[in-house]
>>> print(open('data_15.tsv').read())   # TSV, C-alpha atoms and all ligand atoms
chain	number	residue	atom	x	y	z
A	14	MET	CA	88.95	-2.09	-110.39
A	15	GLU	CA	85.80	-1.26	-112.34
A	16	PHE	CA	83.49	1.53	-111.13
A	17	GLU	CA	80.88	-0.82	-109.55
A	18	THR	CA	83.67	-2.32	-107.43
A	19	ARG	CA	85.28	0.99	-106.60
A	20	VAL	CA	82.07	2.41	-105.10
A	21	ILE	CA	82.22	-0.39	-102.54
A	22	HIS	CA	85.95	-0.87	-102.01
A	23	GLY	CA	87.66	2.26	-103.39
A	24	GLY	CA	90.06	3.64	-100.80
A	25	GLN	CA	88.51	1.49	-98.08
A	26	GLU	CA	90.09	-1.31	-96.13
A	27	ALA	CA	88.80	-3.07	-93.07
A	28	ASP	CA	89.53	-1.11	-89.88
A	29	SER	CA	93.16	-1.84	-88.92
A	30	ARG	CA	92.45	-2.46	-85.22
A	31	THR	CA	89.11	-4.31	-85.18
A	32	GLY	CA	88.63	-5.50	-88.76
A	33	ALA	CA	85.29	-3.64	-88.99
A	34	VAL	CA	84.35	-3.99	-92.66
A	35	VAL	CA	82.96	-0.47	-92.95
A	36	PRO	CA	84.78	2.58	-91.56
A	37	PRO	CA	83.54	3.30	-88.02
A	38	ILE	CA	82.22	6.75	-87.09
A	39	TYR	CA	85.14	8.35	-85.24
A	40	ALA	CA	83.11	10.83	-83.18
A	41	VAL	CA	86.18	12.45	-81.68
A	42	SER	CA	87.75	15.90	-81.73
A	43	THR	CA	91.27	15.19	-80.44
A	44	TYR	CA	93.78	12.31	-80.26
A	45	LYS	CA	96.22	11.15	-77.55
A	46	GLN	CA	99.85	11.83	-78.41
A	47	ASP	CA	102.59	9.39	-77.42
A	48	GLY	CA	104.87	12.13	-76.11
A	49	VAL	CA	104.80	15.65	-77.57
A	50	GLY	CA	104.48	15.39	-81.34
A	51	GLY	CA	104.09	11.58	-81.19
A	52	LEU	CA	100.97	11.34	-83.35
A	53	ARG	CA	99.37	7.97	-84.07
A	54	GLU	CA	98.98	7.65	-87.85
A	55	GLY	CA	99.12	11.46	-88.12
A	56	TYR	CA	95.91	12.14	-86.18
A	57	GLU	CA	96.04	15.26	-84.02
A	58	TYR	CA	92.74	17.20	-84.21
A	59	SER	CA	89.61	16.38	-86.25
A	60	ARG	CA	89.41	19.64	-88.21
A	61	SER	CA	92.79	18.65	-89.68
A	62	ALA	CA	92.08	14.92	-90.11
A	63	ASN	CA	89.56	12.33	-88.97
A	64	PRO	CA	89.61	8.63	-89.95
A	65	THR	CA	85.95	8.56	-91.09
A	66	ARG	CA	86.42	11.65	-93.24
A	67	ASP	CA	89.69	10.22	-94.56
A	68	ALA	CA	87.85	7.07	-95.70
A	69	LEU	CA	85.28	9.20	-97.57
A	70	GLN	CA	88.02	11.35	-99.10
A	71	ALA	CA	89.86	8.28	-100.37
A	72	SER	CA	86.60	6.95	-101.83
A	73	LEU	CA	85.84	10.27	-103.59
A	74	ALA	CA	89.32	10.36	-105.15
A	75	SER	CA	88.88	6.79	-106.36
A	76	LEU	CA	85.41	7.41	-107.88
A	77	GLU	CA	86.54	10.46	-109.87
A	78	ASN	CA	89.92	8.92	-110.72
A	79	GLY	CA	91.69	11.82	-108.99
A	80	ALA	CA	94.83	12.24	-106.92
A	81	ARG	CA	93.11	13.86	-103.93
A	82	GLY	CA	89.56	14.02	-102.58
A	83	LEU	CA	88.35	16.39	-99.87
A	84	ALA	CA	85.03	16.34	-98.01
A	85	PHE	CA	83.24	19.49	-96.83
A	86	ALA	CA	80.23	20.50	-94.76
A	87	SER	CA	78.24	21.35	-97.92
A	88	GLY	CA	78.67	21.78	-101.66
A	89	LEU	CA	78.84	25.54	-101.23
A	90	ALA	CA	81.51	25.23	-98.52
A	91	ALA	CA	83.57	23.18	-101.00
A	92	GLU	CA	83.04	25.83	-103.71
A	93	ASP	CA	84.00	28.70	-101.39
A	94	THR	CA	87.16	26.90	-100.23
A	95	LEU	CA	88.15	26.15	-103.81
A	96	LEU	CA	87.59	29.72	-105.02
A	97	ARG	CA	89.50	31.31	-102.15
A	98	THR	CA	92.35	28.82	-102.57
A	99	VAL	CA	92.86	29.37	-106.29
A	100	CYS	CA	91.80	33.04	-106.69
A	101	ARG	CA	92.85	36.34	-105.15
A	102	PRO	CA	90.94	39.66	-105.06
A	103	GLY	CA	91.18	41.16	-108.57
A	104	ASP	CA	90.95	37.78	-110.32
A	105	HIS	CA	88.20	36.74	-112.70
A	106	VAL	CA	86.12	33.58	-113.24
A	107	VAL	CA	84.01	32.60	-116.27
A	108	ILE	CA	80.78	31.09	-114.91
A	109	PRO	CA	77.90	29.28	-116.67
A	110	GLY	CA	75.02	31.31	-118.09
A	111	ASP	CA	72.82	28.98	-116.11
A	112	ALA	CA	73.87	27.21	-112.95
A	113	TYR	CA	72.65	26.28	-109.51
A	114	GLY	CA	71.26	29.50	-107.95
A	115	GLY	CA	73.37	29.12	-104.81
A	116	THR	CA	76.57	28.95	-106.88
A	117	TYR	CA	75.53	32.14	-108.63
A	118	ARG	CA	74.75	33.78	-105.26
A	119	LEU	CA	78.21	32.86	-103.97
A	120	PHE	CA	79.80	34.73	-106.88
A	121	ALA	CA	77.34	37.64	-107.02
A	122	ARG	CA	76.66	38.36	-103.36
A	123	VAL	CA	79.67	37.06	-101.46
A	124	LEU	CA	82.86	36.80	-103.49
A	125	GLU	CA	82.22	39.89	-105.59
A	126	ARG	CA	82.49	41.93	-102.37
A	127	TRP	CA	85.83	40.16	-101.75
A	128	GLY	CA	86.99	41.44	-105.17
A	129	LEU	CA	86.42	38.38	-107.38
A	130	ASP	CA	84.97	39.34	-110.75
A	131	TYR	CA	82.89	36.95	-112.88
A	132	THR	CA	81.25	36.76	-116.30
A	133	PRO	CA	78.22	34.51	-116.95
A	134	VAL	CA	78.45	32.84	-120.38
A	135	ALA	CA	76.26	30.27	-122.14
A	136	GLN	CA	78.94	27.58	-122.24
A	137	GLN	CA	77.39	25.72	-125.15
A	138	ASP	CA	78.91	28.52	-127.24
A	139	LEU	CA	82.69	27.97	-127.05
A	140	GLY	CA	83.37	31.21	-128.96
A	141	GLU	CA	81.60	33.16	-126.19
A	142	VAL	CA	83.65	31.36	-123.54
A	143	ARG	CA	86.88	32.29	-125.36
A	144	LYS	CA	85.71	35.90	-125.66
A	145	ALA	CA	85.02	36.12	-121.93
A	146	ILE	CA	88.57	35.08	-120.96
A	147	ARG	CA	90.73	37.89	-119.52
A	148	GLU	CA	94.31	38.07	-118.40
A	149	THR	CA	93.06	37.77	-114.83
A	150	THR	CA	90.90	34.68	-115.50
A	151	ARG	CA	91.94	31.94	-113.06
A	152	ILE	CA	89.00	29.56	-113.44
A	153	VAL	CA	86.53	28.46	-116.09
A	154	TRP	CA	83.64	27.17	-113.98
A	155	CYS	CA	81.40	24.64	-115.70
A	156	GLU	CA	78.27	22.82	-114.61
A	157	THR	CA	77.09	20.03	-116.91
A	158	PRO	CA	74.28	19.13	-117.14
A	159	THR	CA	73.14	22.41	-115.59
A	160	ASN	CA	70.65	22.88	-112.81
A	161	PRO	CA	67.78	23.29	-113.71
A	162	LEU	CA	67.86	23.73	-117.52
A	163	LEU	CA	69.89	20.57	-118.28
A	164	ASN	CA	72.19	22.39	-120.68
A	165	VAL	CA	75.31	20.48	-121.66
A	166	ALA	CA	78.86	21.85	-122.03
A	167	ASP	CA	81.75	20.11	-123.79
A	168	ILE	CA	84.22	19.32	-120.99
A	169	THR	CA	87.13	18.39	-123.29
A	170	ALA	CA	86.76	21.60	-125.32
A	171	LEU	CA	86.46	23.77	-122.19
A	172	ALA	CA	89.55	22.09	-120.72
A	173	GLY	CA	91.47	23.15	-123.85
A	174	ILE	CA	90.25	26.75	-123.58
A	175	ALA	CA	91.14	26.91	-119.87
A	176	ARG	CA	94.58	25.39	-120.48
A	177	ASP	CA	95.37	27.91	-123.25
A	178	ALA	CA	94.41	30.72	-120.86
A	179	GLY	CA	96.53	29.34	-118.01
A	180	ALA	CA	93.33	28.83	-116.00
A	181	HIS	CA	91.81	25.81	-114.23
A	182	LEU	CA	88.69	24.06	-115.50
A	183	VAL	CA	86.32	23.31	-112.62
A	184	VAL	CA	83.35	21.02	-113.31
A	185	ASP	CA	80.38	20.75	-110.97
A	186	ASN	CA	79.53	17.08	-111.51
A	187	THR	CA	76.60	16.96	-109.09
A	188	PHE	CA	73.88	16.18	-111.66
A	189	ALA	CA	75.69	13.36	-113.45
A	190	SER	CA	77.66	11.89	-110.52
A	191	PRO	CA	80.88	9.95	-111.26
A	192	ALA	CA	78.73	6.95	-112.18
A	193	LEU	CA	77.80	8.67	-115.46
A	194	GLN	CA	80.55	11.24	-116.09
A	195	ARG	CA	84.15	11.64	-114.91
A	196	PRO	CA	85.40	15.13	-115.82
A	197	LEU	CA	89.01	14.61	-114.66
A	198	GLU	CA	89.36	11.87	-117.29
A	199	LEU	CA	88.23	14.46	-119.88
A	200	GLY	CA	90.81	17.09	-118.91
A	201	ALA	CA	89.15	19.02	-116.07
A	202	ASP	CA	91.41	20.05	-113.18
A	203	ILE	CA	88.93	19.99	-110.31
A	204	VAL	CA	85.54	18.36	-109.77
A	205	VAL	CA	82.97	19.80	-107.37
A	206	HIS	CA	80.08	17.89	-105.82
A	207	SER	CA	77.18	18.59	-103.63
A	208	THR	CA	77.35	15.14	-101.96
A	209	THR	CA	73.93	16.05	-100.56
A	210	LYS	CA	72.61	14.75	-103.88
A	211	TYR	CA	73.39	11.48	-105.73
A	212	LEU	CA	76.52	10.56	-103.75
A	213	GLY	CA	74.64	10.65	-100.43
A	214	GLY	CA	71.52	9.50	-102.26
A	215	HIS	CA	69.05	9.33	-99.35
A	216	SER	CA	68.16	12.97	-98.55
A	217	ASP	CA	69.59	12.57	-95.06
A	218	VAL	CA	72.83	14.54	-95.20
A	219	VAL	CA	74.27	17.83	-96.49
A	220	GLY	CA	77.85	17.65	-97.76
A	221	GLY	CA	80.28	18.70	-100.45
A	222	ALA	CA	83.42	17.47	-102.15
A	223	LEU	CA	86.39	18.55	-104.23
A	224	VAL	CA	88.49	16.10	-106.23
A	225	THR	CA	91.57	17.05	-108.23
A	226	SER	CA	93.99	15.21	-110.47
A	227	ASP	CA	96.81	17.58	-109.46
A	228	ALA	CA	98.52	16.43	-106.26
A	229	GLU	CA	100.08	19.84	-105.59
A	230	LEU	CA	96.77	21.67	-106.02
A	231	GLY	CA	95.24	18.95	-103.80
A	232	GLU	CA	97.75	19.85	-101.10
A	233	GLN	CA	96.85	23.57	-101.34
A	234	LEU	CA	93.14	22.75	-101.16
A	235	ALA	CA	93.72	20.49	-98.14
A	236	TYR	CA	95.66	23.29	-96.45
A	237	HIS	CA	92.73	25.68	-96.96
A	238	GLN	CA	90.19	23.03	-95.94
A	239	ASN	CA	91.90	22.94	-92.55
A	240	ALA	CA	92.63	26.67	-92.40
A	241	MET	CA	89.04	27.65	-93.30
A	242	GLY	CA	87.47	24.82	-91.33
A	243	SER	CA	84.33	23.89	-93.30
A	244	VAL	CA	84.97	20.13	-93.00
A	245	ALA	CA	82.45	17.29	-93.12
A	246	GLY	CA	81.73	15.93	-89.64
A	247	PRO	CA	82.32	12.20	-89.01
A	248	PHE	CA	78.66	11.16	-88.98
A	249	ASP	CA	77.95	13.10	-92.18
A	250	ALA	CA	81.04	11.60	-93.82
A	251	TRP	CA	79.84	8.12	-92.84
A	252	LEU	CA	76.36	8.72	-94.30
A	253	VAL	CA	77.85	9.84	-97.63
A	254	LEU	CA	80.15	6.80	-97.65
A	255	ARG	CA	77.19	4.50	-97.04
A	256	GLY	CA	75.29	6.17	-99.87
A	257	ILE	CA	78.21	5.80	-102.27
A	258	LYS	CA	78.19	2.01	-101.94
A	259	THR	CA	74.92	1.81	-103.89
A	260	LEU	CA	75.61	4.71	-106.28
A	261	ALA	CA	76.09	2.54	-109.37
A	262	VAL	CA	72.89	0.54	-108.97
A	263	ARG	CA	70.87	3.57	-107.95
A	264	MET	CA	72.01	5.58	-110.98
A	265	ASP	CA	70.97	2.75	-113.32
A	266	ARG	CA	67.46	2.84	-111.90
A	267	HIS	CA	67.30	6.68	-111.83
A	268	CYS	CA	68.16	6.64	-115.56
A	269	ASP	CA	65.68	3.86	-116.42
A	270	ASN	CA	62.85	5.70	-114.66
A	271	ALA	CA	63.79	9.11	-116.08
A	272	GLU	CA	63.80	7.73	-119.63
A	273	ARG	CA	60.25	6.37	-119.20
A	274	ILE	CA	59.04	9.67	-117.72
A	275	VAL	CA	60.67	11.69	-120.52
A	276	GLY	CA	58.81	9.51	-123.06
A	277	TYR	CA	55.52	10.13	-121.27
A	278	LEU	CA	55.98	13.91	-120.86
A	279	SER	CA	57.12	14.35	-124.46
A	280	GLU	CA	53.68	13.17	-125.64
A	281	HIS	CA	51.62	15.16	-123.13
A	282	LYS	CA	49.59	18.09	-124.45
A	283	LYS	CA	50.08	20.16	-121.29
A	284	VAL	CA	53.85	19.98	-121.69
A	285	ALA	CA	55.39	22.55	-124.05
A	286	SER	CA	58.88	21.02	-124.02
A	287	VAL	CA	60.96	18.47	-122.14
A	288	LEU	CA	64.56	19.24	-121.22
A	289	TYR	CA	66.64	16.05	-121.00
A	290	PRO	CA	70.09	15.48	-122.56
A	291	GLY	CA	69.07	11.94	-123.57
A	292	LEU	CA	66.56	13.27	-126.11
A	293	ASP	CA	68.10	13.34	-129.58
A	294	THR	CA	66.36	16.70	-130.09
A	295	HIS	CA	68.30	18.20	-127.14
A	296	PRO	CA	70.91	20.65	-128.52
A	297	GLY	CA	73.63	19.11	-126.34
A	298	HIS	CA	72.69	15.47	-127.00
A	299	GLU	CA	75.74	14.56	-129.07
A	300	ILE	CA	78.17	16.02	-126.56
A	301	ALA	CA	76.28	14.40	-123.68
A	302	ALA	CA	76.44	11.04	-125.49
A	303	LYS	CA	80.19	11.50	-125.89
A	304	GLN	CA	80.98	12.36	-122.27
A	305	MET	CA	78.23	10.64	-120.24
A	306	SER	CA	77.50	6.90	-120.10
A	307	ARG	CA	73.76	7.64	-119.56
A	308	PHE	CA	71.75	10.85	-119.12
A	309	GLY	CA	70.76	10.88	-115.47
A	310	GLY	CA	67.69	11.16	-113.29
A	311	MET	CA	67.01	14.90	-113.60
A	312	VAL	CA	64.22	15.98	-115.95
A	313	SER	CA	62.81	19.48	-116.45
A	314	PHE	CA	59.81	20.51	-118.50
A	315	ARG	CA	57.97	23.69	-119.42
A	316	ALA	CA	54.24	23.83	-118.80
A	317	ALA	CA	52.18	24.72	-121.87
A	318	GLY	CA	49.84	26.75	-119.63
A	319	GLY	CA	52.63	28.98	-118.27
A	320	ALA	CA	53.80	29.78	-114.74
A	321	GLU	CA	50.42	29.30	-113.08
A	322	GLN	CA	50.04	25.80	-114.49
A	323	ALA	CA	53.63	24.91	-113.56
A	324	ILE	CA	52.91	25.83	-109.92
A	325	GLU	CA	49.58	23.97	-110.03
A	326	ILE	CA	51.33	20.78	-111.22
A	327	CYS	CA	53.86	21.05	-108.38
A	328	ASN	CA	51.10	21.56	-105.83
A	329	ARG	CA	49.01	18.63	-107.12
A	330	ALA	CA	51.79	16.03	-107.11
A	331	LYS	CA	51.52	13.50	-104.28
A	332	LEU	CA	54.10	10.74	-104.71
A	333	PHE	CA	56.57	13.27	-106.16
A	334	VAL	CA	57.36	15.19	-102.98
A	335	LEU	CA	57.27	18.97	-103.36
A	336	ALA	CA	60.74	19.84	-102.08
A	337	GLU	CA	64.09	21.38	-102.98
A	338	SER	CA	67.22	19.27	-103.45
A	339	LEU	CA	67.61	16.21	-105.67
A	340	GLY	CA	69.38	12.91	-106.15
A	341	GLY	CA	67.68	10.93	-103.38
A	342	VAL	CA	65.92	7.58	-103.74
A	343	GLU	CA	62.53	9.33	-103.52
A	344	SER	CA	61.13	11.40	-106.40
A	345	LEU	CA	60.91	15.15	-105.89
A	346	ILE	CA	59.18	17.94	-107.81
A	347	GLU	CA	59.82	21.67	-107.58
A	348	HIS	CA	59.31	25.06	-109.20
A	349	PRO	CA	62.88	26.41	-109.68
A	350	GLY	CA	61.77	30.02	-110.30
A	351	GLN	CA	60.25	30.30	-106.82
A	352	MET	CA	62.30	27.70	-104.99
A	353	THR	CA	65.90	26.61	-105.72
A	354	HIS	CA	66.69	29.45	-108.13
A	355	LEU	CA	64.90	32.33	-106.44
A	356	SER	CA	68.31	33.88	-105.66
A	357	ALA	CA	68.90	34.24	-109.44
A	358	ALA	CA	65.65	36.21	-110.01
A	359	GLY	CA	66.30	39.42	-111.95
A	360	SER	CA	69.83	38.28	-112.94
A	361	ALA	CA	71.25	36.88	-116.16
A	362	LEU	CA	70.70	33.44	-114.59
A	363	GLU	CA	66.94	33.84	-113.99
A	364	VAL	CA	65.04	30.67	-114.98
A	365	PRO	CA	61.73	30.55	-116.90
A	366	ALA	CA	58.63	30.83	-114.69
A	367	ASP	CA	56.88	27.94	-116.49
A	368	LEU	CA	59.65	25.48	-115.61
A	369	VAL	CA	59.08	22.38	-113.46
A	370	ARG	CA	62.03	20.26	-112.31
A	371	LEU	CA	61.79	16.58	-111.41
A	372	SER	CA	64.34	14.56	-109.51
A	373	VAL	CA	63.24	11.10	-110.61
A	374	GLY	CA	63.68	8.55	-107.84
A	375	ILE	CA	63.96	4.79	-107.90
A	376	GLU	CA	60.35	3.86	-107.08
A	377	THR	CA	58.26	1.66	-109.41
A	378	VAL	CA	58.00	3.81	-112.50
A	379	ASP	CA	54.29	3.05	-113.11
A	380	ASP	CA	53.47	4.65	-109.74
A	381	LEU	CA	55.47	7.74	-110.73
A	382	LEU	CA	53.70	7.93	-114.10
A	383	ALA	CA	50.29	7.63	-112.41
A	384	ASP	CA	51.16	10.52	-110.09
A	385	LEU	CA	52.26	12.72	-113.01
A	386	GLU	CA	49.06	11.82	-114.85
A	387	GLN	CA	46.89	13.09	-111.97
A	388	ALA	CA	49.13	16.13	-111.33
A	389	LEU	CA	49.05	17.22	-114.98
A	390	GLY	CA	45.27	16.73	-114.92
A	401	LIG	C1	74.58	21.59	-109.06
A	401	LIG	C2	74.74	22.00	-107.63
A	401	LIG	N1	75.93	22.41	-107.18
A	401	LIG	C3	76.13	22.80	-105.90
A	401	LIG	C4	75.09	22.80	-104.99
A	401	LIG	C5	75.34	23.28	-103.59
A	401	LIG	O1	75.41	22.20	-102.70
A	401	LIG	P1	74.93	22.24	-101.18
A	401	LIG	O2	73.46	22.50	-101.16
A	401	LIG	O3	75.31	20.87	-100.65
A	401	LIG	O4	75.70	23.34	-100.51
A	401	LIG	C6	73.83	22.36	-105.39
A	401	LIG	C7	72.70	22.34	-104.44
A	401	LIG	O5	71.56	22.20	-104.83
A	401	LIG	C8	73.65	21.96	-106.75
A	401	LIG	O6	72.46	21.53	-107.21
>>> encode(input="data_15.tsv", output="structure tokens")
Amino acid sequence: MEFETRVIHGGQEADSRTGAVVPPIYAVSTYKQDGVGGLREGYEYSRSANPTRDALQASLASLENGARGLAFASGLAAEDTLLRTVCRPGDHVVIPGDAYGGTYRLFARVLERWGLDYTPVAQQDLGEVRKAIRETTRIVWCETPTNPLLNVADITALAGIARDAGAHLVVDNTFASPALQRPLELGADIVVHSTTKYLGGHSDVVGGALVTSDAELGEQLAYHQNAMGSVAGPFDAWLVLRGIKTLAVRMDRHCDNAERIVGYLSEHKKVASVLYPGLDTHPGHEIAAKQMSRFGGMVSFRAAGGAEQAIEICNRAKLFVLAESLGGVESLIEHPGQMTHLSAAGSALEVPADLVRLSVGIETVDDLLADLEQALG
């Protein structure tokens, strides 16, 4: 099945008892046993398995072309489960030189205390990635495009480096979504998502996902998902599943609108530079064109008037809602330095203070352009 069909049907059949065409919300914690150990279809307790979460997990595996999908309470819960499944205290991870601030915080403030070492590296420079590898490196962690600087890393090349080092390549695919980029097909071992973003698509749920092409690793991750307990609840799983059904059409419109906005901002005198992998002046454009079908709905730009002007633009926007998060149908604007990436302040992952990030929604693009025009002044 092609991707546009898989988002609707992948891993999903009509409910076996009633024929309901979408998976019902199984709001249940425990299941009647037909005699001790007589489980019906394997269901025992909803931390271990729940039919609504199972439907989402099957859909996630299908979208990323993986062997196993797992759904979590948030993107960070998925990341934590993955890291504590694959790594042990004393191990080492190569992380991106720019990444979502919360991912950085997980390494720097939580897992470092547990004994997990990490090295931030600008992953556009493959030589630097190779240099950062140690004997104890278990994971090369990649985010592409990155949040919020839209840097691009070469997934195929990083997969080769990780393989040579006996490490796993993890790709956070939140910004692109599987509609535009499928890292497992390019050699990655595990894909991470904040399903809060494009997969959910409506800013009404927080969730996370892991998908792997390795069935045995999938089994270990599933064991830890149950043992650590940060699972997606049934209602949240259902919301993400509902969002996924329109992922393909939404992403088309996000990309169309983002391209128009990039064209507008590129010409604006109050904009010093536009960061978007679709621009042929973007240093990662060729790699992005090779591994993504389009360039996504996330656009960042640097204000010519510096930090003060960047904040002023964010405060003046009306239709672009001033808010954290991204990937919903509505357009959002934010100042990463003081909002989503505040936890990286003072670190190697600090973001420029004149940066503005847009999550371009699927509204009529002329309305979005008019709002930017008044906000830029
Ligand atoms: C690229 C990326 N990865 C991971 C996360 C963490 O996901 P969550 O907020 O669902 O825990 C985010 C959240 O913004 C993100 O942007």
>>> residues_around(input="data_15.tsv", residues="stretch 342-359 of chain A", least_positions_apart="2", cutoff="6 Å", atoms="all atoms listed in the file", output="list in words")
Gly114, His215, Phe333, Val334, Leu335, Ala336, Leu362, Glu363, Val364, Ala366, Val369, Arg370, Leu371, Ser372, Val373, Gly374 and Ile375 of chain A
>>> closest_residue(input="data_15.tsv", among="A:Pro109, A:Gly213, A:Gly51, A:Gly220", to="A:Leu139", atoms="all atoms listed in the file")
A:Pro109
>>> closest_residue(input="data_15.tsv", among="A:His295, A:His237, A:Arg66, A:Lys210", to="A:Leu260", atoms="all atoms listed in the file")
A:Lys210
>>> residues_around(input="data_15.tsv", residues="A:Asn186", least_positions_apart="6", cutoff="7 Å", atoms="all atoms listed in the file", output="PyMOL selection string")
chain A and resi 156-157+204-206
>>> residues_near_ligand(input="data_15.tsv", ligand="ligand LIG 401 (chain A)", cutoff="7 Å", atoms="all atoms listed in the file", output="ChimeraX atom specification")
/A:87-90,112-113,115-116,156,159-160,185,187-188,206-209,219-221,338
>>> closest_residue(input="data_15.tsv", among="A:Gln304, A:Gly340, A:Arg147, A:Val184", to="A:Asp217", atoms="all atoms listed in the file")
A:Gly340
>>> residues_near_point(input="data_15.tsv", point="(87.5, 7.9, -100.5)", cutoff="8 Å", atoms="all atoms listed in the file", output="ChimeraX atom specification")
/A:23-25,67-76,82,254
>>> residues_around(input="data_15.tsv", residues="A:Trp154", least_positions_apart="4", cutoff="7 Å", atoms="all atoms listed in the file", output="PyMOL selection string")
chain A and resi 106-109+182-184
>>> closest_residue(input="data_15.tsv", among="A:Ala201, A:Pro247, A:Ala302, A:Gly310", to="A:Leu288", atoms="all atoms listed in the file")
A:Gly310
>>> residues_near_point(input="data_15.tsv", point="(49.5, 9.6, -108.9)", cutoff="12 Å", atoms="all atoms listed in the file", output="ChimeraX atom specification")
/A:326,329-334,377-390
>>> closest_residue(input="data_15.tsv", among="A:Gln233, A:Asn328, A:Ser306, A:Thr225", to="A:Asn78", atoms="all atoms listed in the file")
A:Thr225
>>> closest_residue(input="data_15.tsv", among="A:Arg255, A:Arg151, A:Cys100, A:Val142", to="A:Trp127", atoms="only C-alpha atoms")
A:Cys100
>>> atom_distance(input="data_15.tsv", atom1="atom CA of A:Pro290", atom2="atom CA of A:Lys303")
11.4 Å
>>> atom_distance(input="data_15.tsv", atom1="atom CA of A:Ser286", atom2="atom CA of A:Met305")
22.3 Å
>>> residues_around(input="data_15.tsv", residues="A:Gly256", least_positions_apart="3", cutoff="9 Å", atoms="only C-alpha atoms", output="ChimeraX atom specification")
/A:211-215,251-253,259-260
>>> atom_distance(input="data_15.tsv", atom1="atom CA of A:Thr149", atom2="atom CA of A:Arg176")
13.7 Å
>>> axis_aligned_box(input="data_15.tsv", around="stretch 70-86 of chain A", padding_each_side="3 Å", output="lines of an AutoDock Vina configuration file")
center_x = 87.5
center_y = 13.6
center_z = -102.7
size_x = 20.6
size_y = 19.7
size_z = 22.0
>>> decode(input="data_15.tsv", residues="stretch 148-160 of chain A", atoms="N, CA, C and O atoms", output="short mmCIF file (atom, residue, chain, number, x, y, z; two decimals), in the first residue's frame")
data_model
loop_
_atom_site.label_atom_id
_atom_site.label_comp_id
_atom_site.auth_asym_id
_atom_site.auth_seq_id
_atom_site.Cartn_x
_atom_site.Cartn_y
_atom_site.Cartn_z
N GLU A 148 34.80 3.97 22.42
CA GLU A 148 34.52 2.53 22.54
C GLU A 148 33.18 2.28 23.23
O GLU A 148 32.51 1.27 22.99
N THR A 149 32.81 3.23 24.10
CA THR A 149 31.57 3.06 24.88
C THR A 149 30.34 3.66 24.18
O THR A 149 29.26 3.68 24.76
N THR A 150 30.52 4.16 22.93
CA THR A 150 29.38 4.80 22.25
C THR A 150 28.35 3.73 21.86
O THR A 150 28.66 2.80 21.12
N ARG A 151 27.14 3.89 22.36
CA ARG A 151 26.06 2.93 22.04
C ARG A 151 25.09 3.49 21.01
O ARG A 151 24.41 2.76 20.32
N ILE A 152 25.00 4.85 21.00
CA ILE A 152 23.99 5.48 20.13
C ILE A 152 24.58 6.72 19.47
O ILE A 152 25.28 7.50 20.12
N VAL A 153 24.30 6.87 18.17
CA VAL A 153 24.45 8.16 17.52
C VAL A 153 23.03 8.70 17.40
O VAL A 153 22.17 8.07 16.77
N TRP A 154 22.79 9.81 18.07
CA TRP A 154 21.44 10.40 18.14
C TRP A 154 21.37 11.55 17.13
O TRP A 154 22.18 12.48 17.18
N CYS A 155 20.42 11.48 16.23
CA CYS A 155 20.34 12.48 15.18
C CYS A 155 18.94 13.09 15.18
O CYS A 155 17.95 12.39 15.42
N GLU A 156 18.89 14.40 14.92
CA GLU A 156 17.60 15.05 14.71
C GLU A 156 17.73 15.75 13.37
O GLU A 156 18.67 16.53 13.19
N THR A 157 16.84 15.48 12.42
CA THR A 157 16.96 16.15 11.13
C THR A 157 15.60 16.29 10.45
O THR A 157 14.89 15.29 10.36
N PRO A 158 15.20 17.51 10.05
CA PRO A 158 15.83 18.78 10.37
C PRO A 158 15.75 19.07 11.87
O PRO A 158 14.84 18.60 12.53
N THR A 159 16.72 19.88 12.36
CA THR A 159 16.78 20.14 13.79
C THR A 159 15.81 21.24 14.21
O THR A 159 15.41 22.09 13.42
N ASN A 160 15.47 21.17 15.48
CA ASN A 160 14.61 22.14 16.13
C ASN A 160 15.50 23.03 17.01
O ASN A 160 16.13 22.52 17.93
#
